[in-house]
$ cat final-v7.cif   # mmCIF, C-alpha atoms (C1' of nucleotides)
data_run
loop_
_atom_site.label_atom_id
_atom_site.label_comp_id
_atom_site.auth_asym_id
_atom_site.auth_seq_id
_atom_site.Cartn_x
_atom_site.Cartn_y
_atom_site.Cartn_z
CA MET A 1 169.57 45.11 157.71
CA ASN A 2 169.74 45.24 153.96
CA GLU A 3 169.70 48.71 152.43
CA LYS A 4 166.68 48.17 150.19
CA LYS A 5 164.80 46.35 152.93
CA HIS A 6 165.42 49.24 155.28
CA LEU A 7 164.32 51.77 152.68
CA LEU A 8 161.13 49.83 152.04
CA THR A 9 160.38 49.58 155.76
CA MET A 10 160.89 53.30 156.35
CA THR A 11 158.88 54.32 153.30
CA ALA A 12 156.05 51.96 154.20
CA LEU A 13 155.99 53.22 157.79
CA ASP A 14 155.79 56.79 156.57
CA LEU A 15 152.86 56.06 154.29
CA PHE A 16 151.08 53.66 156.66
CA TYR A 17 151.30 56.11 159.54
CA LYS A 18 150.19 59.07 157.45
CA ASN A 19 147.42 57.47 155.39
CA GLY A 20 146.48 54.25 157.13
CA ILE A 21 147.73 50.73 156.53
CA ASN A 22 144.75 49.54 154.54
CA SER A 23 144.62 52.64 152.38
CA VAL A 24 148.18 52.27 151.19
CA GLY A 25 148.86 49.59 148.59
CA ILE A 26 152.10 47.82 147.86
CA ASN A 27 152.41 49.70 144.58
CA GLU A 28 152.31 53.03 146.37
CA VAL A 29 155.13 51.96 148.66
CA LEU A 30 157.13 50.81 145.64
CA LYS A 31 156.56 54.05 143.76
CA ALA A 32 157.49 56.20 146.74
CA SER A 33 160.64 54.23 147.48
CA GLY A 34 161.68 53.64 143.88
CA VAL A 35 162.17 49.96 144.59
CA ALA A 36 161.02 47.18 142.27
CA LYS A 37 158.24 44.80 143.21
CA LYS A 38 160.53 41.83 142.82
CA THR A 39 162.89 43.28 145.40
CA LEU A 40 160.07 43.81 147.87
CA TYR A 41 158.90 40.23 147.61
CA ASN A 42 162.49 39.17 147.82
CA HIS A 43 162.73 40.64 151.29
CA PHE A 44 159.13 40.27 152.51
CA VAL A 45 156.90 37.25 152.17
CA SER A 46 153.75 39.36 152.00
CA LYS A 47 152.32 42.75 152.81
CA ASP A 48 151.61 41.48 156.33
CA THR A 49 155.30 40.82 156.84
CA LEU A 50 156.03 44.37 155.71
CA ILE A 51 153.43 45.70 158.14
CA ILE A 52 155.06 43.83 161.02
CA ALA A 53 158.43 45.24 159.97
CA THR A 54 157.06 48.80 160.12
CA LEU A 55 155.63 48.10 163.58
CA GLU A 56 159.00 46.81 164.78
CA TYR A 57 160.80 49.79 163.31
CA ARG A 58 158.38 52.29 164.83
CA HIS A 59 158.61 50.48 168.14
CA ASN A 60 162.40 50.85 168.21
CA VAL A 61 162.32 54.52 167.25
CA PHE A 62 159.59 55.25 169.78
CA LEU A 63 161.24 53.42 172.65
CA HIS A 64 164.58 55.03 171.93
CA TRP A 65 162.99 58.45 172.00
CA LEU A 66 161.09 57.70 175.19
CA LYS A 67 164.17 56.29 176.89
CA GLN A 68 166.09 59.44 176.13
CA SER A 69 163.20 61.63 177.22
CA LEU A 70 163.09 59.95 180.64
CA ALA A 71 166.83 59.52 181.06
CA ASN A 72 167.33 62.41 183.46
CA SER A 73 164.45 61.68 185.82
CA THR A 74 165.47 60.82 189.35
CA THR A 75 162.14 60.96 191.21
CA ASN A 76 158.58 59.90 190.47
CA GLU A 77 157.69 63.57 190.06
CA ASP A 78 160.47 64.01 187.55
CA LEU A 79 159.28 60.97 185.66
CA VAL A 80 155.78 62.35 185.30
CA ARG A 81 157.07 65.75 184.29
CA TYR A 82 159.49 64.40 181.70
CA LEU A 83 156.97 61.95 180.29
CA PHE A 84 154.07 64.32 179.75
CA ASN A 85 156.30 67.12 178.52
CA ALA A 86 157.74 64.68 176.01
CA LEU A 87 154.23 63.73 174.89
CA THR A 88 153.38 67.39 174.44
CA ARG A 89 156.44 67.86 172.25
CA TRP A 90 155.38 64.83 170.21
CA PHE A 91 151.82 66.12 169.74
CA ASN A 92 153.15 69.50 168.63
CA ASN A 93 155.53 68.06 166.06
CA GLU A 94 158.67 69.00 167.93
CA VAL A 95 160.12 65.49 167.68
CA PRO A 96 161.42 65.00 164.13
CA GLU A 97 162.22 61.30 164.53
CA LEU A 98 158.57 60.52 165.33
CA THR A 99 157.43 62.38 162.18
CA SER A 100 154.27 64.47 161.92
CA PHE A 101 151.89 63.46 164.72
CA ASN A 102 149.04 61.25 163.61
CA GLY A 103 148.07 59.48 166.80
CA CYS A 104 149.63 56.26 168.02
CA PHE A 105 150.66 54.04 165.13
CA PHE A 106 149.93 50.97 167.22
CA ILE A 107 146.44 52.01 168.27
CA ASN A 108 145.69 52.89 164.66
CA ALA A 109 147.12 49.61 163.41
CA ALA A 110 145.14 47.63 165.96
CA ALA A 111 141.96 49.39 164.86
CA GLU A 112 142.70 48.79 161.19
CA CYS A 113 143.82 45.20 161.30
CA VAL A 114 141.12 43.74 163.56
CA GLY A 115 140.01 40.37 162.24
CA GLN A 116 142.61 40.58 159.51
CA SER A 117 145.93 39.94 161.19
CA GLU A 118 146.22 38.55 164.68
CA GLU A 119 149.96 39.17 164.61
CA VAL A 120 149.47 42.92 164.30
CA ILE A 121 147.29 43.27 167.38
CA THR A 122 149.65 40.99 169.30
CA TYR A 123 152.57 43.25 168.45
CA CYS A 124 150.58 46.34 169.46
CA ARG A 125 149.90 44.77 172.84
CA PHE A 126 153.59 43.95 173.16
CA HIS A 127 154.51 47.55 172.35
CA LYS A 128 152.18 48.93 175.00
CA ALA A 129 153.55 46.48 177.54
CA GLN A 130 157.12 47.49 176.72
CA VAL A 131 156.31 51.17 177.09
CA ARG A 132 154.72 50.48 180.45
CA GLN A 133 157.78 48.55 181.54
CA LEU A 134 160.08 51.37 180.48
CA ILE A 135 158.05 53.84 182.50
CA ALA A 136 158.02 51.46 185.44
CA SER A 137 161.79 51.07 185.28
CA HIS A 138 162.14 54.82 185.84
CA MET A 139 160.04 54.87 188.98
CA GLN A 140 162.08 55.59 192.07
CA ILE A 141 159.42 54.39 194.46
CA ILE A 142 157.38 51.60 192.96
CA ASP A 143 153.70 52.51 193.02
CA GLU A 144 151.59 50.21 190.87
CA GLN A 145 148.54 52.45 191.16
CA LEU A 146 150.46 55.50 190.05
CA LEU A 147 151.85 53.51 187.15
CA ASP A 148 148.33 52.55 186.10
CA MET A 149 147.22 56.17 186.20
CA ILE A 150 150.23 57.37 184.24
CA CYS A 151 149.63 54.79 181.53
CA LEU A 152 145.89 55.43 181.31
CA LEU A 153 146.37 59.19 181.14
CA LYS A 154 149.08 58.71 178.52
CA GLU A 155 146.72 56.67 176.32
CA GLY A 156 143.93 59.15 176.89
CA ALA A 157 146.16 62.07 176.01
CA ILE A 158 147.34 60.45 172.76
CA THR A 159 143.78 59.65 171.73
CA SER A 160 142.45 63.10 172.65
CA ALA A 161 145.31 64.83 170.91
CA TYR A 162 144.56 62.85 167.79
CA VAL A 163 140.78 62.53 167.60
CA SER A 164 139.81 65.74 169.37
CA GLN A 165 142.88 67.65 168.26
CA ASP A 166 143.56 68.66 171.84
CA LEU A 167 147.30 69.22 171.55
CA GLN A 168 147.51 70.29 175.18
CA ALA A 169 145.97 67.06 176.45
CA ALA A 170 149.22 65.85 178.01
CA GLN A 171 149.82 69.16 179.81
CA LYS A 172 146.43 68.92 181.47
CA CYS A 173 147.55 65.74 183.24
CA LEU A 174 150.51 67.28 185.00
CA PRO A 175 148.95 69.34 187.82
CA TRP A 176 146.64 66.48 188.74
CA LEU A 177 149.34 63.90 188.86
CA MET A 178 151.69 66.16 190.81
CA SER A 179 149.13 67.15 193.41
CA ASN A 180 148.23 63.52 193.91
CA MET A 181 151.81 62.41 194.47
CA LYS A 182 152.87 64.56 197.37
CA LYS A 183 150.62 63.17 200.04
CA MET B 1 113.55 56.15 158.64
CA ASN B 2 112.81 53.64 155.94
CA GLU B 3 112.79 50.00 157.01
CA LYS B 4 115.40 48.82 154.50
CA LYS B 5 117.59 51.82 155.13
CA HIS B 6 117.48 51.13 158.84
CA LEU B 7 118.28 47.45 158.32
CA LEU B 8 121.24 48.36 156.12
CA THR B 9 122.56 50.84 158.66
CA MET B 10 122.33 48.39 161.54
CA THR B 11 123.87 45.54 159.58
CA ALA B 12 126.68 47.74 158.33
CA LEU B 13 127.38 49.05 161.84
CA ASP B 14 127.55 45.50 163.17
CA LEU B 15 130.05 44.43 160.52
CA PHE B 16 132.05 47.68 160.53
CA TYR B 17 132.44 47.62 164.30
CA LYS B 18 133.34 43.94 164.43
CA ASN B 19 135.66 43.70 161.42
CA GLY B 20 136.71 47.23 160.56
CA ILE B 21 135.20 49.65 158.05
CA ASN B 22 137.77 49.10 155.33
CA SER B 23 137.71 45.33 155.67
CA VAL B 24 133.97 45.10 155.07
CA GLY B 25 132.77 45.55 151.51
CA ILE B 26 129.37 46.66 150.31
CA ASN B 27 128.65 43.15 149.07
CA GLU B 28 129.18 41.72 152.52
CA VAL B 29 126.70 44.17 153.99
CA LEU B 30 124.21 43.26 151.28
CA LYS B 31 124.61 39.54 151.83
CA ALA B 32 124.26 39.85 155.60
CA SER B 33 121.18 42.04 155.38
CA GLY B 34 119.56 40.27 152.43
CA VAL B 35 118.99 43.59 150.69
CA ALA B 36 119.64 44.17 146.99
CA LYS B 37 122.42 46.42 145.79
CA LYS B 38 119.99 48.65 143.94
CA THR B 39 118.13 49.31 147.16
CA LEU B 40 121.32 50.27 148.96
CA TYR B 41 122.27 52.78 146.30
CA ASN B 42 118.70 53.95 146.34
CA HIS B 43 119.11 55.05 149.94
CA PHE B 44 122.81 55.86 150.08
CA VAL B 45 124.82 57.83 147.57
CA SER B 46 128.01 55.90 148.31
CA LYS B 47 129.73 53.71 150.87
CA ASP B 48 130.90 56.88 152.62
CA THR B 49 127.29 57.94 153.14
CA LEU B 50 126.59 54.54 154.66
CA ILE B 51 129.60 54.90 156.95
CA ILE B 52 128.35 58.26 158.20
CA ALA B 53 124.92 56.73 158.81
CA THR B 54 126.49 53.99 160.96
CA LEU B 55 128.41 56.64 162.92
CA GLU B 56 125.22 58.58 163.54
CA TYR B 57 123.35 55.48 164.60
CA ARG B 58 126.11 54.35 166.96
CA HIS B 59 126.31 57.87 168.35
CA ASN B 60 122.63 57.85 169.23
CA VAL B 61 122.74 54.42 170.82
CA PHE B 62 125.88 55.28 172.79
CA LEU B 63 124.61 58.61 174.06
CA HIS B 64 121.29 57.11 175.05
CA TRP B 65 123.07 54.41 177.05
CA LEU B 66 125.42 56.91 178.67
CA LYS B 67 122.56 59.26 179.55
CA GLN B 68 120.72 56.44 181.27
CA SER B 69 123.87 55.29 183.04
CA LEU B 70 124.44 58.74 184.53
CA ALA B 71 120.79 59.57 185.19
CA ASN B 72 120.84 58.89 188.93
CA SER B 73 124.00 60.79 189.77
CA THR B 74 123.55 63.75 192.07
CA THR B 75 127.12 64.61 193.03
CA ASN B 76 130.46 64.75 191.24
CA GLU B 77 131.48 61.63 193.11
CA ASP B 78 128.37 59.84 191.94
CA LEU B 79 129.06 60.92 188.40
CA VAL B 80 132.54 59.42 188.44
CA ARG B 81 131.30 56.24 190.04
CA TYR B 82 128.41 55.77 187.61
CA LEU B 83 130.54 56.62 184.58
CA PHE B 84 133.44 54.28 185.23
CA ASN B 85 131.19 51.48 186.42
CA ALA B 86 129.23 51.85 183.21
CA LEU B 87 132.45 51.67 181.20
CA THR B 88 133.42 48.50 183.04
CA ARG B 89 130.08 46.94 182.18
CA TRP B 90 130.63 47.93 178.55
CA PHE B 91 134.14 46.42 178.44
CA ASN B 92 132.84 43.18 179.94
CA ASN B 93 129.99 42.81 177.47
CA GLU B 94 127.24 43.45 179.97
CA VAL B 95 125.59 46.09 177.80
CA PRO B 96 123.70 44.32 175.00
CA GLU B 97 122.77 47.46 173.08
CA LEU B 98 126.47 48.35 172.62
CA THR B 99 127.17 44.85 171.24
CA SER B 100 130.35 42.87 171.88
CA PHE B 101 133.11 45.28 172.97
CA ASN B 102 135.61 46.11 170.28
CA GLY B 103 136.98 49.45 171.40
CA CYS B 104 135.47 52.81 170.54
CA PHE B 105 133.87 52.73 167.10
CA PHE B 106 134.76 56.39 166.62
CA ILE B 107 138.43 56.04 167.54
CA ASN B 108 138.63 53.02 165.25
CA ALA B 109 136.84 54.84 162.43
CA ALA B 110 139.10 57.88 162.81
CA ALA B 111 142.15 55.61 162.60
CA GLU B 112 140.80 53.79 159.56
CA CYS B 113 139.55 56.70 157.53
CA VAL B 114 142.47 59.09 157.90
CA GLY B 115 143.19 60.79 154.61
CA GLN B 116 140.21 59.05 153.07
CA SER B 117 137.17 60.81 154.44
CA GLU B 118 137.37 64.13 156.24
CA GLU B 119 133.69 63.81 157.15
CA VAL B 120 134.33 60.70 159.24
CA ILE B 121 136.98 62.27 161.44
CA THR B 122 134.84 65.38 161.83
CA TYR B 123 131.95 63.27 163.06
CA CYS B 124 134.22 61.41 165.48
CA ARG B 125 135.35 64.73 166.94
CA PHE B 126 131.72 65.78 167.22
CA HIS B 127 130.87 62.54 169.04
CA LYS B 128 133.67 63.02 171.57
CA ALA B 129 132.59 66.61 172.16
CA GLN B 130 128.99 65.51 172.73
CA VAL B 131 130.05 62.86 175.22
CA ARG B 132 132.12 65.43 177.07
CA GLN B 133 129.17 67.80 177.14
CA LEU B 134 126.89 65.09 178.50
CA ILE B 135 129.36 64.33 181.27
CA ALA B 136 129.72 68.04 182.00
CA SER B 137 125.95 68.44 182.21
CA HIS B 138 125.92 65.93 185.06
CA MET B 139 128.48 67.78 187.14
CA GLN B 140 127.01 69.30 190.25
CA ILE B 141 129.95 71.57 190.88
CA ILE B 142 131.55 72.65 187.65
CA ASP B 143 135.23 71.79 187.70
CA GLU B 144 136.83 72.07 184.29
CA GLN B 145 140.02 70.39 185.44
CA LEU B 146 138.13 67.42 186.84
CA LEU B 147 136.17 67.19 183.61
CA ASP B 148 139.43 67.05 181.65
CA MET B 149 140.76 64.26 183.84
CA ILE B 150 137.54 62.27 183.61
CA CYS B 151 137.56 62.49 179.83
CA LEU B 152 141.24 61.66 179.48
CA LEU B 153 140.95 58.67 181.82
CA LYS B 154 137.84 57.54 179.97
CA GLU B 155 139.69 57.57 176.62
CA GLY B 156 142.68 55.87 178.18
CA ALA B 157 140.50 53.18 179.73
CA ILE B 158 138.73 52.45 176.43
CA THR B 159 142.03 52.20 174.57
CA SER B 160 143.68 50.05 177.24
CA ALA B 161 140.68 47.78 177.47
CA TYR B 162 140.81 47.29 173.73
CA VAL B 163 144.49 47.21 172.80
CA SER B 164 145.91 45.79 176.02
CA GLN B 165 142.81 43.78 176.88
CA ASP B 166 142.76 45.31 180.35
CA LEU B 167 139.06 44.92 181.05
CA GLN B 168 139.49 46.39 184.52
CA ALA B 169 141.03 49.61 183.19
CA ALA B 170 138.02 51.72 184.12
CA GLN B 171 137.89 50.34 187.67
CA LYS B 172 141.48 51.38 188.24
CA CYS B 173 140.49 55.01 187.74
CA LEU B 174 137.93 55.12 190.51
CA PRO B 175 140.04 55.20 193.72
CA TRP B 176 142.36 57.76 192.22
CA LEU B 177 139.57 60.07 191.11
CA MET B 178 137.68 59.73 194.38
CA SER B 179 140.67 60.46 196.55
CA ASN B 180 141.44 63.49 194.46
CA MET B 181 137.96 64.95 194.77
CA LYS B 182 137.54 65.21 198.51
CA LYS B 183 140.24 67.70 199.26
"C1'" DA C 1 186.69 37.33 132.28
"C1'" DT C 2 182.99 34.89 133.67
"C1'" DT C 3 179.75 33.38 136.90
"C1'" DT C 4 176.51 34.63 140.43
"C1'" DA C 5 173.53 37.50 142.88
"C1'" DT C 6 170.77 41.37 143.02
"C1'" DG C 7 167.70 44.88 141.38
"C1'" DG C 8 164.64 47.49 137.82
"C1'" DA C 9 160.57 47.69 134.99
"C1'" DG C 10 156.55 46.03 134.35
"C1'" DA C 11 153.35 42.45 132.20
"C1'" DC C 12 150.20 39.41 134.00
"C1'" DA C 13 146.90 36.54 136.86
"C1'" DA C 14 143.27 36.15 139.94
"C1'" DG C 15 140.70 38.20 142.88
"C1'" DT C 16 138.99 42.34 145.11
"C1'" DT C 17 136.50 46.74 145.27
"C1'" DT C 18 132.55 50.35 144.36
"C1'" DG C 19 128.96 51.63 141.65
"C1'" DT C 20 125.58 51.25 137.38
"C1'" DC C 21 122.17 49.15 134.90
"C1'" DT C 22 118.80 45.87 133.08
"C1'" DA C 23 115.02 42.76 133.71
"C1'" DC C 24 111.76 40.96 136.52
"C1'" DC C 25 108.72 40.57 140.57
"C1'" DT C 26 105.66 42.14 144.40
"C1'" DT C 27 102.94 45.17 146.76
"C1'" DT C 28 99.78 48.96 147.21
"C1'" DG C 29 96.37 52.44 145.82
"C1'" DC C 30 92.86 53.68 142.76
"C1'" DG D 1 92.01 45.02 136.92
"C1'" DC D 2 95.84 47.92 136.45
"C1'" DA D 3 99.36 51.32 136.96
"C1'" DA D 4 103.07 53.10 139.78
"C1'" DA D 5 106.62 52.46 143.22
"C1'" DG D 6 109.95 50.15 145.07
"C1'" DG D 7 112.51 45.77 145.87
"C1'" DT D 8 115.28 41.54 144.07
"C1'" DA D 9 118.82 39.34 141.57
"C1'" DG D 10 122.70 39.72 139.49
"C1'" DA D 11 125.40 40.88 135.21
"C1'" DC D 12 128.64 44.16 134.18
"C1'" DA D 13 132.27 47.97 134.01
"C1'" DA D 14 136.30 50.06 135.57
"C1'" DA D 15 139.49 50.32 138.73
"C1'" DC D 16 141.93 48.58 142.20
"C1'" DT D 17 144.36 44.85 145.18
"C1'" DT D 18 148.31 41.37 146.18
"C1'" DG D 19 151.53 38.46 144.43
"C1'" DT D 20 154.19 35.88 140.45
"C1'" DC D 21 157.04 35.86 136.76
"C1'" DT D 22 159.90 37.19 132.75
"C1'" DC D 23 163.43 39.81 130.67
"C1'" DC D 24 167.13 42.67 131.10
"C1'" DA D 25 170.90 45.36 133.34
"C1'" DT D 26 174.38 46.00 136.65
"C1'" DA D 27 177.76 44.88 140.05
"C1'" DA D 28 180.61 41.97 142.75
"C1'" DA D 29 183.34 37.79 143.56
"C1'" DT D 30 186.08 34.16 141.98
#

$ encode --input "final-v7.cif" --output "structure tokens"
Amino acid sequence: MNEKKHLLTMTALDLFYKNGINSVGINEVLKASGVAKKTLYNHFVSKDTLIIATLEYRHNVFLHWLKQSLANSTTNEDLVRYLFNALTRWFNNEVPELTSFNGCFFINAAAECVGQSEEVITYCRFHKAQVRQLIASHMQIIDEQLLDMICLLKEGAITSAYVSQDLQAAQKCLPWLMSNMKK
Amino acid sequence: MNEKKHLLTMTALDLFYKNGINSVGINEVLKASGVAKKTLYNHFVSKDTLIIATLEYRHNVFLHWLKQSLANSTTNEDLVRYLFNALTRWFNNEVPELTSFNGCFFINAAAECVGQSEEVITYCRFHKAQVRQLIASHMQIIDEQLLDMICLLKEGAITSAYVSQDLQAAQKCLPWLMSNMKK
DNA sequence: ATTTATGGAGACAAGTTTGTCTACCTTTGC
DNA sequence: GCAAAGGTAGACAAACTTGTCTCCATAAAT
């Protein structure tokens, strides 16, 4: 990708994630990145296009991080342990590449762009489906019900960590999941 | 409360919940409610004050509905059953007073108003705490860990129902929770 | 060396936004 | 009948939004 385009995408993602997509104007992105308006509209058709680019970028970073976090799991128990420990590290700002925790960028984007951009919510759905698939691909024994629970608890933990500032939300899931697996 | 003030609050809540707080301007609320701008600023200091009023109103409606939904529960198992069945009815638009499902108004508001209104996020936290307390008050046998799981699964179900359009998200929680309770 | 592409700075247009203010009307109480 | 209170309608201000366009500078390729 072009250097300026990449810079714009990263800067926009930073600001969108920190302050909300609708609260951040194009001019703010330009000022923060030091790029000219002409250049932005040279690379992006509209702000919406830029938003989609930030979603794609975040998606890649997030999936890469998650893939690495689950890489060493060999059993379903491992998977659960690695996943929720990784979430806890994310919530507590121990994952630099995900930047300072501010909830799930995709949940936030979906909430912000309702009735404004159908493409955004579609991409958010896609992201969630991809994450689910990645988790599923690390299951030794396929258990659809367990997969459902893992995904629901993951979403709940992210939301609780963000809205209720419960940074230990993910840790609370572990004993329950573990005790329910060895049966 | 004053008649016009009430009308403004309800109209604003409707529009905010359906289309997003930041996407709905004051003028739209005025047009939809048929109230004059002067009257709005007679009752509300600013748009932020109106937003808080919609949060308070939604909070009351939601808690009233939840209280009624859980009223007949006498055991922890009942509680879980009543709660997640109620959520399923909400997701599937079978609860008129909660209006057409569009996710959790408080999660959405928190996502939209980040770095814009500290009061909004504080109220959202308060709402989540109140809901948790209501659920806790219906527990026959107090089990903090179970309460955590219920609340996390509830948040996860709401998010999944909204973002991933999984309207059966809440139902998926039931077997798991039930099997984990009788041990 | 000159053409071509790219970017910087920012003026500008057209439309938003929130919030104020004026002028008038309607209702209610005395 | 009349005064006070509160609502309506909407003009207006000031600031913001996205997106276009011009002018100029720089750098790379032929």

$ interface_residues --input "final-v7.cif" --of "chain B" --to "chain C" --cutoff "12 Å" --atoms "only C-alpha atoms (C1' of nucleotides)" --output "PDB file with C-alpha atoms, keeping the file's coordinate frame"
ATOM      1  CA  ASN B  22     137.770  49.100 155.330  1.00  0.00           C
ATOM      2  CA  SER B  23     137.710  45.330 155.670  1.00  0.00           C
ATOM      3  CA  VAL B  24     133.970  45.100 155.070  1.00  0.00           C
ATOM      4  CA  GLY B  25     132.770  45.550 151.510  1.00  0.00           C
ATOM      5  CA  ILE B  26     129.370  46.660 150.310  1.00  0.00           C
ATOM      6  CA  ASN B  27     128.650  43.150 149.070  1.00  0.00           C
ATOM      7  CA  GLU B  28     129.180  41.720 152.520  1.00  0.00           C
ATOM      8  CA  LYS B  37     122.420  46.420 145.790  1.00  0.00           C
ATOM      9  CA  LYS B  38     119.990  48.650 143.940  1.00  0.00           C
ATOM     10  CA  LEU B  40     121.320  50.270 148.960  1.00  0.00           C
ATOM     11  CA  TYR B  41     122.270  52.780 146.300  1.00  0.00           C
ATOM     12  CA  ASN B  42     118.700  53.950 146.340  1.00  0.00           C
ATOM     13  CA  PHE B  44     122.810  55.860 150.080  1.00  0.00           C
ATOM     14  CA  VAL B  45     124.820  57.830 147.570  1.00  0.00           C
ATOM     15  CA  SER B  46     128.010  55.900 148.310  1.00  0.00           C
ATOM     16  CA  LYS B  47     129.730  53.710 150.870  1.00  0.00           C
ATOM     17  CA  ASP B  48     130.900  56.880 152.620  1.00  0.00           C
TER      18      ASP B  48
END

$ interface_residues --input "final-v7.cif" --of "chain D" --to "chain A" --cutoff "10 Å" --atoms "only C-alpha atoms (C1' of nucleotides)" --output "PyMOL selection string"
chain D and resi 16-21

$ interface_residues --input "final-v7.cif" --of "chain B" --to "chain A" --cutoff "10 Å" --atoms "only C-alpha atoms" --output "PyMOL selection string"
chain B and resi 17-23+102-116+121-129+145-146+148-160+162-165+169-170+172-173+175-177+179-180

$ resolve_selection --input "final-v7.cif" --expression "the PyMOL selection byres ((chain D and resi 8) around 7)" --output "list in words"
Ala36 of chain B; DG7 and DA9 of chain D

$ axis_aligned_box --input "final-v7.cif" --around "region 29-48 of chain B" --padding-each-side "5 Å" --output "AutoDock Vina command-line options"
--center_x 124.5 --center_y 48.7 --center_z 149.8 --size_x 22.8 --size_y 28.3 --size_z 21.7

$ residues_around --input "final-v7.cif" --residues "region 60-72 of chain B" --least-positions-apart "3" --cutoff "9 Å" --atoms "only C-alpha atoms (C1' of nucleotides)" --output "list in words"
Leu55, Glu56, Tyr57, Asp78, Leu79, Tyr82, Leu83, Asn85, Ala86, Val95, Glu97, Leu98, His127, Gln130, Val131, Leu134, Ile135 and His138 of chain B

$ atom_distance --input "final-v7.cif" --atom1 "CA of Asn76 (chain B)" --atom2 "CA of Gln171 (chain B)"
16.6 Å

$ atom_distance --input "final-v7.cif" --atom1 "CA of Thr74 (chain A)" --atom2 "CA of Ile141 (chain A)"
10.2 Å

$ residues_around --input "final-v7.cif" --residues "Leu8 (chain A)" --least-positions-apart "5" --cutoff "9 Å" --atoms "all atoms listed in the file" --output "PyMOL selection string"
chain A and resi 3+13+29-30+33+35+40+50

$ atom_distance --input "final-v7.cif" --atom1 "CA of Ser137 (chain B)" --atom2 "CA of Val120 (chain B)"
25.6 Å

$ closest_residue --input "final-v7.cif" --among "B:Gln140, B:Gln168, B:Thr49, B:Thr75" --to "Asn92 (chain B)" --atoms "all atoms listed in the file"
B:Gln168
